[in-house]
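Here is the structure we will look at, set down as structure tokens.
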Amino acid sequence: MGCGASQTTGSFPPQPSARQPLMKHMEGATGGAFPPQPSARQPLMKHMEGATGGDVENTWLQVCDTIDVPKGQNPHNNLVVKRSGWKTVRIFVSSTFKDFHAEREVLVKEVFPDLRAWCEARRLHLVDCDLRWGVPKDTTTELTLRTCLGEIDRCYADNIMPYFLNMTSERLGWVPDTDDVPGSLVEQYRWIFGLSVTEMEIIHGAYRKDNPNSLFLIRNDDFLSSIPQEARKTFVDENPIAPAKLKMLKKMIADRFPANRVLPYTCRYEGKKSEAGRIMLKMGDTFRSSVFEFFQTRIAKQYPLDETKIDPYLAMKESHESFMKSRSESIFGRDSILKQLAEYVDGHGSDVPLLVLGGAGMGKSSIMANAADEAEKRALNKKIPGGGGKGWHAFYHYVGAVPGSTDLEPTLKRLLKELGVVKDSTMPKDLESTTQLCCSALSNPNTRPAVIFIDALNQFDDDLAAKNMTWLPRKLGPHIRCIFSMIPDTPQHLTLRDRESKPQELHVTPLTLGARKDIANNILGKFNKKLDMDQIFSLLSKPASENPLWLAIALEELRVYGDFHTLLDKINSLQDGLLELLGQVLTRFETEGGGNLLIATLCLLEVSATGLLESELLRLLVDEDNLLPPSDTDEKGEREKSEKEGAGKVYLQQLPAFKWAAIYRDLRPFLRPFGDSGEGRLDFYHRSLSKAVRRKYFKNQNDSTQDEDVKALYYWWHKKLAGFFAASDNVDRKVEELPYHYIKLGDCQDKLGRLLTDWRVFDVLYNEEWSSVLQAHWRAAGGNSQLKHYSMEAIMNMENSPDRVDAQLCLRYERVAWIFVQAGLYEEALDLATKAEELEEKNLGNRPEKMAGLYGLLSHIWDQKCKLHEFMTRSQIPEEWETIQYGFKSIDLLKKLTGEIHKFKLAVQMMRVAFSLSTWVTLGGTAKLSANEGYRLGFEYIDHAIDTFKELGDTGTLAEAVMTKAVLTGSSTTAQLKLYEEAMELSRQAYGELSILTARVYINTGIYFEEKGDYKKSYAYFKKYGEVCSEVLGPDHPKSVRGVNILKEPMYKRMAQQMGDT
């Protein structure tokens, strides 16, 4: 017998079919909390005890009627998934339980660890789903069935086609009767009565879809003749129909799937395990290799290793796009707000942002997602007026929704890159310069038209730039629209409200009664359920139902409630407050089986820095005897022993998949989606749940509390995670989490210092221009003294190592030198850069690209040393010469290198040397290089740089080069003034009025007029300098203070009086 052509080819995972055998509803049965809804015509079939071979064939005929994809026609056979970053791969293991202990042990201890290591090298997280292990004895039938099939659904969701492994031998397993399977489950999964649970796993996970990622291993029964007679019942099903059913199952598998995916294997009997009397089987060699090689091949084909460098900003955008799509549907009662947002986007003359204000859970994120999605569609189709030829760009960012989204700096850098303001080579080096450039770009009339959506603006990390909104200009450019959502009266709201140009405000009001009814009908209707008049009245009469998040959580509580007759009592018992209801839900999760596992999961997520991977949680939760902090009644010795053991633990085993599936199923509605990349990172999707967790498990306090008991709780959890990530081989995750926990623990400066000089960690955090995160961690570790101590110790260890590799040592000299420069440790940086130069010259062959970089580094270090002097004197000539001569050497080598990046580096180096030559000319030069020759070279270099920046289309750096040429030209000449005017025009074109480069041109032009004696004009330029600095940098910045001090000079105080500016 075989199955014919498909009736349907629907989407994945499978959708309900009209032609399904269903159980008969027994009198009084409800199938759940709500009365059953009408369904399509369904033939009745009830599996009878002692069924015949004809019944077996009839069962498989019904299976054939539910096939979705004909044999060999799965469109995903050759699927290749493009991805950025890490991806989770799930392998579902299907078999009967008692007779496959030996195989599962080989899989868990040998095959999957090897496959996991292979996956991690390809930026893949492997999760093996073995639901037969760890199933509690008191688990209900419905929960068991839902968990098994629901886990396959997760495999569909994560990997499109599940990676599916089935092992079959001589046992059939449990065949549920019609009374065992609820009607809702029958309908959802097109249940075929007469099939065992294992067979239904095969049908759902592989058979109906002709799943190309499925592998079937058929165990040869020759080993049965060797095992003791009393043990045969473990391996041979006693049900008289089992042989016929198994024969049919094996035949149908062989007919449906190619021979290279239906593989026989052998095993042999090797006695009993004395402690449990369990039969020991030895697998043949083909078992391990077949599983490993099949999944290795299929995973490599679907997720090929991409060696190209991942664009972190593109990956970030994709994650936010995924969140936006998940939140933009089913918006009820918000038509008026969405209309006003659209009118703001289309409107003219608005130069201030629009704020969407509302309390926690009021639906701001859904509103912002819907508005952003609609704006992006209209922008792509050029339906937003005023976009010119290029059209509008829609930028969206949901703070707290995806990993790293609470950090302002990368958010603004992504914005600048999407708007085309910067390239990778011109990206600002730190938060200060990023906020300055962003402020300039958003006020610049030449910036590309853009609609900018930022949800939960008040949830950015706690730093001054985020609170003071220094990145947002007082007046937006004519083609910039900014829509921000936030909670009222937060620092960001107060800052914007206190500005002279007030923002527009749009308040998210409570849901109307009609909108709440629509939401209730929509959510419950998806599950064929509906509340009666009394029930809906009781639910919506609660004041908290005006909050969309409260209402959604309450409806989910009702949906899963099991007794329709007491549903009204359940409604009345719901807590009337968002945090109160969340606490009530968490209590239910605990009492219904989550227990300590659920508490530990919530606490671990709460204290993590960036959320946790599912694979990490599985290992963190495996030690169920030490899930929670020791209680106050525990002896001190036991507490210390627990902490000591936890600190050195290697987390190799995993929590049984069945136990985790139950926890995940409960928490899933509260966990954010992790993007199309499928990375598998879990965290709370709404900060209200974080608050509820703190309220319930941390006495409603955060980790900065002064309560010693609560501090001890946080300390225990941070220490647990610190120990876990210290032992982790995943460097990216170690970098994200471990420094955070060391800092939170407060007594780990030594550990933090050694972590930051672990070269794998160092390289992830290193950036030649500005390593902002690394520098912040060093400040937390004790500042420059600790940076110097641990870095030099690590360098010395490399120098003295018997395995020393000179090329690696040279790289460390160079990179640590750059970090020292960023920290202001110029003498230490000079020492390391000189060592790198000597090592490269003596042992490494003077590699041109490497030497060009080292000479550029040495020139930069000497330049920074020169700038430590407040005034220029001839005594500085030796230091200035070092700057220039190393610049010359770098330029000579860069001229010989090809490629756009070297062309850009050469132009930048020439611009810097030209500026140094202007100082050299001012100091009068020496016999080594006369002032005239320095003057000539300076112009040669700056003209070359200007031509290059024009060729590359880099207007911003071109403006700086033109300004440098003006400085080199000399004081008080008409040519100098014209160059300053050209630089000003270019700077405004690139960055707008509000930029530091524009301010530099202002002050230099003011100096020009001061030297000419035209104090009226110099006053005007000095005044503009001070205004721009104050706007971009804030009034307390040294540059702003300098602008104020210039205008306090007697000459300019008199000028201010004359101009009426006092």
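In the structure tokens, chains take the letters A, B, ... in the order shown, each chain's residues start at 1, and ligands count up from 1 in the order shown.
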Produce a table with one row for each residue of segment 448-509 of chain A that has an atom at most 12 Å from any atom of segment 355-364 of chain A, each row naming the nearest atom pair and its distance in Å at one decimal; use only C-alpha atoms; arrange rows by chain and rising residue number; format as JSON lines.
```
{"residue": "A:Ile452", "atom": "CA", "partner": "A:Leu355", "partner_atom": "CA", "distance": 11.7}
{"residue": "A:Phe453", "atom": "CA", "partner": "A:Leu355", "partner_atom": "CA", "distance": 10.1}
{"residue": "A:Ile454", "atom": "CA", "partner": "A:Leu355", "partner_atom": "CA", "distance": 9.9}
{"residue": "A:Asp455", "atom": "CA", "partner": "A:Lys364", "partner_atom": "CA", "distance": 7.5}
{"residue": "A:Ala456", "atom": "CA", "partner": "A:Lys364", "partner_atom": "CA", "distance": 8.1}
{"residue": "A:Leu457", "atom": "CA", "partner": "A:Leu355", "partner_atom": "CA", "distance": 9.7}
{"residue": "A:Asn458", "atom": "CA", "partner": "A:Leu357", "partner_atom": "CA", "distance": 10.8}
{"residue": "A:Gln459", "atom": "CA", "partner": "A:Ala360", "partner_atom": "CA", "distance": 11.7}
{"residue": "A:Arg481", "atom": "CA", "partner": "A:Leu355", "partner_atom": "CA", "distance": 11.2}
{"residue": "A:Cys482", "atom": "CA", "partner": "A:Leu355", "partner_atom": "CA", "distance": 8.4}
{"residue": "A:Ile483", "atom": "CA", "partner": "A:Leu355", "partner_atom": "CA", "distance": 5.9}
{"residue": "A:Phe484", "atom": "CA", "partner": "A:Leu355", "partner_atom": "CA", "distance": 5.0}
{"residue": "A:Ser485", "atom": "CA", "partner": "A:Val356", "partner_atom": "CA", "distance": 4.4}
{"residue": "A:Met486", "atom": "CA", "partner": "A:Leu357", "partner_atom": "CA", "distance": 5.4}
{"residue": "A:Ile487", "atom": "CA", "partner": "A:Gly358", "partner_atom": "CA", "distance": 5.3}
{"residue": "A:Pro488", "atom": "CA", "partner": "A:Leu357", "partner_atom": "CA", "distance": 5.7}
{"residue": "A:Asp489", "atom": "CA", "partner": "A:Leu357", "partner_atom": "CA", "distance": 9.3}
{"residue": "A:Thr490", "atom": "CA", "partner": "A:Leu357", "partner_atom": "CA", "distance": 10.3}
{"residue": "A:Gln492", "atom": "CA", "partner": "A:Leu355", "partner_atom": "CA", "distance": 10.5}
{"residue": "A:His493", "atom": "CA", "partner": "A:Leu355", "partner_atom": "CA", "distance": 8.3}
{"residue": "A:Leu494", "atom": "CA", "partner": "A:Leu355", "partner_atom": "CA", "distance": 11.5}
{"residue": "A:Leu496", "atom": "CA", "partner": "A:Leu355", "partner_atom": "CA", "distance": 9.3}
{"residue": "A:Arg497", "atom": "CA", "partner": "A:Leu355", "partner_atom": "CA", "distance": 9.9}
{"residue": "A:Lys502", "atom": "CA", "partner": "A:Leu355", "partner_atom": "CA", "distance": 10.4}
{"residue": "A:Pro503", "atom": "CA", "partner": "A:Leu355", "partner_atom": "CA", "distance": 6.9}
{"residue": "A:Gln504", "atom": "CA", "partner": "A:Leu355", "partner_atom": "CA", "distance": 6.1}
{"residue": "A:Glu505", "atom": "CA", "partner": "A:Leu355", "partner_atom": "CA", "distance": 4.8}
{"residue": "A:Leu506", "atom": "CA", "partner": "A:Val356", "partner_atom": "CA", "distance": 4.9}
{"residue": "A:His507", "atom": "CA", "partner": "A:Leu357", "partner_atom": "CA", "distance": 4.8}
{"residue": "A:Val508", "atom": "CA", "partner": "A:Gly358", "partner_atom": "CA", "distance": 5.1}
{"residue": "A:Thr509", "atom": "CA", "partner": "A:Gly358", "partner_atom": "CA", "distance": 7.3}
```
Checklist entry - If we count only C-alpha atoms, what is near Asp623 of chain A at a cut-off of 9 Å, once residues fewer than 4 positions away on the same chain are taken out, given as a count of residues only? => result 5
Checklist entry - Skipping near chain neighbours, those fewer than 2 positions away, what residues fall within 6 Å of segment 712-726 of chain A using only C-alpha atoms, listed as a ChimeraX atom specification? => result /A:647,709-710,728,734,738,741
Next on the checklist: Can you pull out every residue from segment 408-507 of chain A that DSSP, working from the backbone, puts in alpha helix (DSSP H), and format the result as a ChimeraX atom specification?
Outcome noted: /A:408-418,431-443,464-468,491-497
Residues within 8 Å of segment 569-573 of chain A, only C-alpha atoms, excluding chain neighbours under 4 positions, as a PDB file with N, CA, C and O atoms, in the first residue's frame:
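Saved as part27.pdb:
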```
ATOM      1  N   GLN A 535     -20.395  36.965  31.426  1.00  0.00           N
ATOM      2  CA  GLN A 535     -18.945  36.838  31.553  1.00  0.00           C
ATOM      3  C   GLN A 535     -18.221  38.042  30.960  1.00  0.00           C
ATOM      4  O   GLN A 535     -17.290  38.573  31.563  1.00  0.00           O
ATOM      5  N   SER A 538     -18.657  41.033  33.304  1.00  0.00           N
ATOM      6  CA  SER A 538     -17.819  40.961  34.506  1.00  0.00           C
ATOM      7  C   SER A 538     -16.363  41.267  34.181  1.00  0.00           C
ATOM      8  O   SER A 538     -15.677  41.960  34.940  1.00  0.00           O
ATOM      9  N   LEU A 539     -15.907  40.762  33.048  1.00  0.00           N
ATOM     10  CA  LEU A 539     -14.499  40.995  32.673  1.00  0.00           C
ATOM     11  C   LEU A 539     -14.257  42.468  32.370  1.00  0.00           C
ATOM     12  O   LEU A 539     -13.296  43.078  32.888  1.00  0.00           O
ATOM     13  N   LEU A 558      -8.189  33.062  30.799  1.00  0.00           N
ATOM     14  CA  LEU A 558      -9.507  32.454  30.614  1.00  0.00           C
ATOM     15  C   LEU A 558      -9.472  31.365  29.546  1.00  0.00           C
ATOM     16  O   LEU A 558     -10.152  30.344  29.660  1.00  0.00           O
TER      17      LEU A 558
END
```
How close does each residue of segment 862-940 of chain A get to segment 952-973 of chain A, giving the shortest atom pair and distance in Å to one decimal for every residue with an atom at most 9 Å away, counting only C-alpha atoms, sorted by chain and residue number, as JSON lines?
```
{"residue": "A:Glu900", "atom": "CA", "partner": "A:Leu952", "partner_atom": "CA", "distance": 8.5}
{"residue": "A:Phe904", "atom": "CA", "partner": "A:Leu952", "partner_atom": "CA", "distance": 8.1}
{"residue": "A:Val908", "atom": "CA", "partner": "A:Thr957", "partner_atom": "CA", "distance": 8.4}
{"residue": "A:Met911", "atom": "CA", "partner": "A:Ala961", "partner_atom": "CA", "distance": 6.2}
{"residue": "A:Arg912", "atom": "CA", "partner": "A:Thr964", "partner_atom": "CA", "distance": 8.6}
{"residue": "A:Ala914", "atom": "CA", "partner": "A:Thr964", "partner_atom": "CA", "distance": 7.4}
{"residue": "A:Phe915", "atom": "CA", "partner": "A:Thr964", "partner_atom": "CA", "distance": 6.0}
{"residue": "A:Leu917", "atom": "CA", "partner": "A:Leu968", "partner_atom": "CA", "distance": 7.8}
{"residue": "A:Ser918", "atom": "CA", "partner": "A:Leu968", "partner_atom": "CA", "distance": 5.0}
{"residue": "A:Thr919", "atom": "CA", "partner": "A:Leu968", "partner_atom": "CA", "distance": 8.4}
{"residue": "A:Val921", "atom": "CA", "partner": "A:Leu968", "partner_atom": "CA", "distance": 8.5}
{"residue": "A:Tyr935", "atom": "CA", "partner": "A:Leu968", "partner_atom": "CA", "distance": 7.5}
{"residue": "A:Gly938", "atom": "CA", "partner": "A:Leu968", "partner_atom": "CA", "distance": 7.2}
{"residue": "A:Phe939", "atom": "CA", "partner": "A:Lys965", "partner_atom": "CA", "distance": 7.1}
```
Output file for the selection above: N, CA and C atoms, as a PDB file, in the first residue's frame:
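Result went into out26.pdb, see below:
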```
ATOM      1  N   GLU A 900      40.191  50.794  -2.242  1.00  0.00           N
ATOM      2  CA  GLU A 900      39.544  52.026  -1.802  1.00  0.00           C
ATOM      3  C   GLU A 900      39.856  52.358  -0.348  1.00  0.00           C
ATOM      4  N   PHE A 904      41.528  55.811   0.977  1.00  0.00           N
ATOM      5  CA  PHE A 904      40.943  56.675   2.012  1.00  0.00           C
ATOM      6  C   PHE A 904      41.934  56.912   3.153  1.00  0.00           C
ATOM      7  N   VAL A 908      43.438  60.512   4.538  1.00  0.00           N
ATOM      8  CA  VAL A 908      43.318  60.943   5.933  1.00  0.00           C
ATOM      9  C   VAL A 908      44.689  61.212   6.520  1.00  0.00           C
ATOM     10  N   MET A 911      46.018  64.455   5.222  1.00  0.00           N
ATOM     11  CA  MET A 911      45.334  65.593   5.843  1.00  0.00           C
ATOM     12  C   MET A 911      45.915  65.867   7.230  1.00  0.00           C
ATOM     13  N   ARG A 912      46.156  64.795   7.997  1.00  0.00           N
ATOM     14  CA  ARG A 912      46.700  64.972   9.344  1.00  0.00           C
ATOM     15  C   ARG A 912      48.120  65.537   9.306  1.00  0.00           C
ATOM     16  N   ALA A 914      49.387  67.293   6.891  1.00  0.00           N
ATOM     17  CA  ALA A 914      49.312  68.680   6.416  1.00  0.00           C
ATOM     18  C   ALA A 914      49.023  69.625   7.574  1.00  0.00           C
ATOM     19  N   PHE A 915      48.144  69.200   8.489  1.00  0.00           N
ATOM     20  CA  PHE A 915      47.845  70.042   9.655  1.00  0.00           C
ATOM     21  C   PHE A 915      49.081  70.198  10.527  1.00  0.00           C
ATOM     22  N   LEU A 917      52.117  70.029   9.505  1.00  0.00           N
ATOM     23  CA  LEU A 917      53.066  70.883   8.774  1.00  0.00           C
ATOM     24  C   LEU A 917      52.722  72.361   8.941  1.00  0.00           C
ATOM     25  N   SER A 918      51.425  72.679   9.138  1.00  0.00           N
ATOM     26  CA  SER A 918      51.064  74.085   9.381  1.00  0.00           C
ATOM     27  C   SER A 918      51.681  74.567  10.686  1.00  0.00           C
ATOM     28  N   THR A 919      51.699  73.676  11.701  1.00  0.00           N
ATOM     29  CA  THR A 919      52.370  74.015  12.968  1.00  0.00           C
ATOM     30  C   THR A 919      53.872  74.153  12.751  1.00  0.00           C
ATOM     31  N   VAL A 921      55.455  75.046  10.057  1.00  0.00           N
ATOM     32  CA  VAL A 921      55.712  76.320   9.379  1.00  0.00           C
ATOM     33  C   VAL A 921      55.646  77.474  10.379  1.00  0.00           C
ATOM     34  N   TYR A 935      55.750  74.048   3.890  1.00  0.00           N
ATOM     35  CA  TYR A 935      54.596  74.717   3.300  1.00  0.00           C
ATOM     36  C   TYR A 935      54.207  74.047   1.979  1.00  0.00           C
ATOM     37  N   GLY A 938      52.853  70.518   2.585  1.00  0.00           N
ATOM     38  CA  GLY A 938      51.527  70.602   3.181  1.00  0.00           C
ATOM     39  C   GLY A 938      50.454  70.797   2.131  1.00  0.00           C
ATOM     40  N   PHE A 939      50.713  71.697   1.166  1.00  0.00           N
ATOM     41  CA  PHE A 939      49.740  71.927   0.102  1.00  0.00           C
ATOM     42  C   PHE A 939      49.633  70.723  -0.834  1.00  0.00           C
TER      43      PHE A 939
END
```
Next on the checklist: Please return, as an MDAnalysis selection string, all residues of segment 485-539 of chain A that DSSP assigns to strand (DSSP E) on the basis of the backbone.
Outcome noted: chainID A and resid 485:486 504:507
Item to check | Interatomic distance (Å, one decimal) between atom CA of His1037 of chain A and atom CA of Ala441 of chain A | outcome: 20.4 Å
Next on the checklist: What's around Leu338 of chain A at 12 Å? Count only C-alpha atoms, leave out sequence neighbours fewer than 2 positions away in its own chain, and write the answer as number ranges by chain.
Outcome noted: A: 328, 331-336, 340-345, 356, 364, 366-375, 483, 506-508
Checklist entry - Counting only C-alpha atoms, which of A:Glu318, A:Asp732, A:Asp707, A:Asp114 gets nearest to Gln296 of chain A? => result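 So, comparing all the options, the nearest one is A:Asp114.
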Next on the checklist: Give me, as number ranges by chain, all polymer residues having an atom no more than 12 Å from Gly388 of chain A, counting only C-alpha atoms and skipping those fewer than 2 positions away in the same chain.
Outcome noted: A: 379, 382-386, 390-393, 446-450, 479
Checklist entry - For Lys517 of chain A, which of A:Leu1033, A:Leu555, A:Leu354, A:Val761 is the closest residue, counting only C-alpha atoms? => result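 Answer, going by the shortest atom-to-atom distance: A:Leu555.
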Item to check | Top pick for closest residue to Glu270 of chain A, considering A:Pro182, A:Gly853, A:Pro212, A:Pro228 and counting only C-alpha atoms | outcome: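 Looking at the shortest contact to Glu270 of chain A, the residue is A:Pro228.
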Item to check | Nearest to Ile91 of chain A by atom-to-atom distance, counting only C-alpha atoms, from A:Leu894, A:Ile192, A:Met252, A:Val291 | outcome: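 So, comparing all the options, the nearest one is A:Val291.
Taking atom CA of Tyr941 of chain A as the reference point, atom CA of Ile861 of chain A is found at 20.2 Å.
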Checklist outcome for this item: Min atom-atom distance to Phe670 of chain A from the set A:Ala401, A:Ala794, A:Leu524, A:Ile536, counting only C-alpha atoms, belongs to A:Ala401
